[in-house]
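Peer 1: Sharing a structure, written as structure tokens. Questions coming.
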Amino acid sequence: MVQQNVPILNIGKNLLVPIEIELTDAMVEDIYYAILKKIEESKSTGLIIDVSLVEVIDSFFARMLINIGRAAYCLNCDTIIVGITPEVAITLTQMGLEWRSVKTALTLDEAINLLQK
């Protein structure tokens with residue numbers, strides 16, 4: 001179960017999901033549903049997903065991050081992805097995926113500030 005591997009933390013009206021391990025596709029799907037359920041239960045208005053320790057984001061993981069942002073938006077929750085490395089940024093832009101449903105921030109502090117606006 002993903003809850004044992006990836007925590008979903010409440011910080012005020014926001015959720016923080018620090019991803020500190022490499023995820024399988026099944027784990028990515030589990031976290032997708034767990035995040036959305038937690039947003040609904042907690043009535044969170046902000047979601048921060050920290051990928052700073054993730055070395056590789058493949059196309060499936062990238063699409064799921066976008067889908068999490070889209071679904072969270074439908075639940076009135078803004079999504080910010082934190083900690084994308086330059087190497088991952090290059091890969092993501094080469095994939096040509098549309099990132100309008102999520103914002104990005106370099107640091108956790110920046111993400112929190114964005115959600116407070």
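Ordering of the structure tokens sets the chain letters (A, B, ...); residue numbers start at 1 within each chain; ligands are numbered from 1 in the order shown.
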If we count only C-alpha atoms and set the cut-off at 9 Å, which residues sit around stretch 94-100 of chain A, ignoring sequence neighbours fewer than 5 positions away in its own chain? Please answer as JSON, numbers by chain.

Peer 2: {"A": [59, 62, 63, 66, 69, 70, 89]}

Peer 1: What lies within 9 Å of A:Gln116 using only C-alpha atoms, ignoring chain neighbours under 4 positions off, as a ChimeraX atom specification?

Peer 2: /A:46,111-112

Peer 1: Filtering to C-alpha atoms, could you give me those residues as a PDB file, in the first residue's frame?

Peer 2:
ATOM      1  CA  GLY A  46      -3.582  23.385  -1.802  1.00  0.00           C
ATOM      2  CA  ALA A 111       5.274  26.664  -3.022  1.00  0.00           C
ATOM      3  CA  ILE A 112       3.756  27.593   0.341  1.00  0.00           C
TER       4      ILE A 112
END

Peer 1: What does the distance from atom CA of A:Phe61 to atom CA of A:Met27 come to in Å, to one decimal?

Peer 2: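 So the answer is 9.9 Å.
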
Peer 1: For each of A:Leu9, A:Ile57, A:Ile81, A:Leu15, take the minimum atom-to-atom distance to A:Val28, counting only C-alpha atoms, then give the residue where this is smallest.

Peer 2: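 Among A:Leu9, A:Ile57, A:Ile81, A:Leu15, it is A:Ile57 that comes nearest to A:Val28.
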
Peer 1: From the options A:Ile48, A:Leu92, A:Ala72, A:Ile31, which residue's atoms come nearest to A:Asn10, counting only C-alpha atoms?

Peer 2: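 Checking each candidate against A:Asn10, we get A:Ile48 as the closest.
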
Peer 1: As JSON, numbers by chain, please: the residues near A:Leu16 (cut-off 12 Å, only C-alpha atoms, same-chain neighbours under 5 positions excluded).

Peer 2: {"A": [6, 7, 8, 9, 10, 11, 35, 38, 39, 44, 45, 46, 47, 48, 49, 50, 51, 78, 79, 80, 81, 82, 108, 109, 111, 112, 115]}

Peer 1: I need the chosen residues saved as an mmCIF file, in the first residue's frame, with C-alpha atoms.

Peer 2:
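The resulting file, out19.cif, is shown below:
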data_model
loop_
_atom_site.group_PDB
_atom_site.id
_atom_site.type_symbol
_atom_site.label_atom_id
_atom_site.label_comp_id
_atom_site.auth_asym_id
_atom_site.auth_seq_id
_atom_site.Cartn_x
_atom_site.Cartn_y
_atom_site.Cartn_z
ATOM 1 C CA VAL A 6 4.591 7.949 0.556
ATOM 2 C CA PRO A 7 3.109 10.111 3.309
ATOM 3 C CA ILE A 8 0.325 12.609 2.682
ATOM 4 C CA LEU A 9 0.775 15.309 5.312
ATOM 5 C CA ASN A 10 -1.680 18.008 6.386
ATOM 6 C CA ILE A 11 -0.161 21.474 6.727
ATOM 7 C CA ILE A 35 -4.286 12.097 -2.756
ATOM 8 C CA LYS A 38 -7.343 12.979 1.194
ATOM 9 C CA ILE A 39 -8.251 16.260 -0.576
ATOM 10 C CA SER A 44 -7.652 21.017 1.361
ATOM 11 C CA THR A 45 -7.255 23.951 -1.001
ATOM 12 C CA GLY A 46 -3.582 23.385 -1.802
ATOM 13 C CA LEU A 47 -1.490 20.378 -2.768
ATOM 14 C CA ILE A 48 2.296 20.340 -2.861
ATOM 15 C CA ILE A 49 4.011 17.333 -4.412
ATOM 16 C CA ASP A 50 7.742 17.333 -3.681
ATOM 17 C CA VAL A 51 9.741 15.395 -6.285
ATOM 18 C CA ASP A 78 -4.394 24.075 -6.461
ATOM 19 C CA THR A 79 -1.410 21.833 -7.191
ATOM 20 C CA ILE A 80 2.253 22.791 -7.101
ATOM 21 C CA ILE A 81 5.098 20.444 -8.022
ATOM 22 C CA VAL A 82 8.283 21.233 -6.088
ATOM 23 C CA LEU A 108 8.897 24.206 -0.541
ATOM 24 C CA ASP A 109 8.899 27.759 0.859
ATOM 25 C CA ALA A 111 5.274 26.664 -3.022
ATOM 26 C CA ILE A 112 3.756 27.593 0.341
ATOM 27 C CA LEU A 115 -0.621 28.857 -2.127
#

Peer 1: Which one of A:Val17, A:Ile90, A:Val102, A:Leu65 sits closest to A:Cys77 if you count only C-alpha atoms?

Peer 2: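 Closest to A:Cys77, using only C-alpha atoms: A:Val102.
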
Peer 1: Where in chain A does DSSP assign helix (DSSP H, G or I), given as an MDAnalysis selection string?

Peer 2: chainID A and resid 2:4 25:42 59:74 86:95 108:116
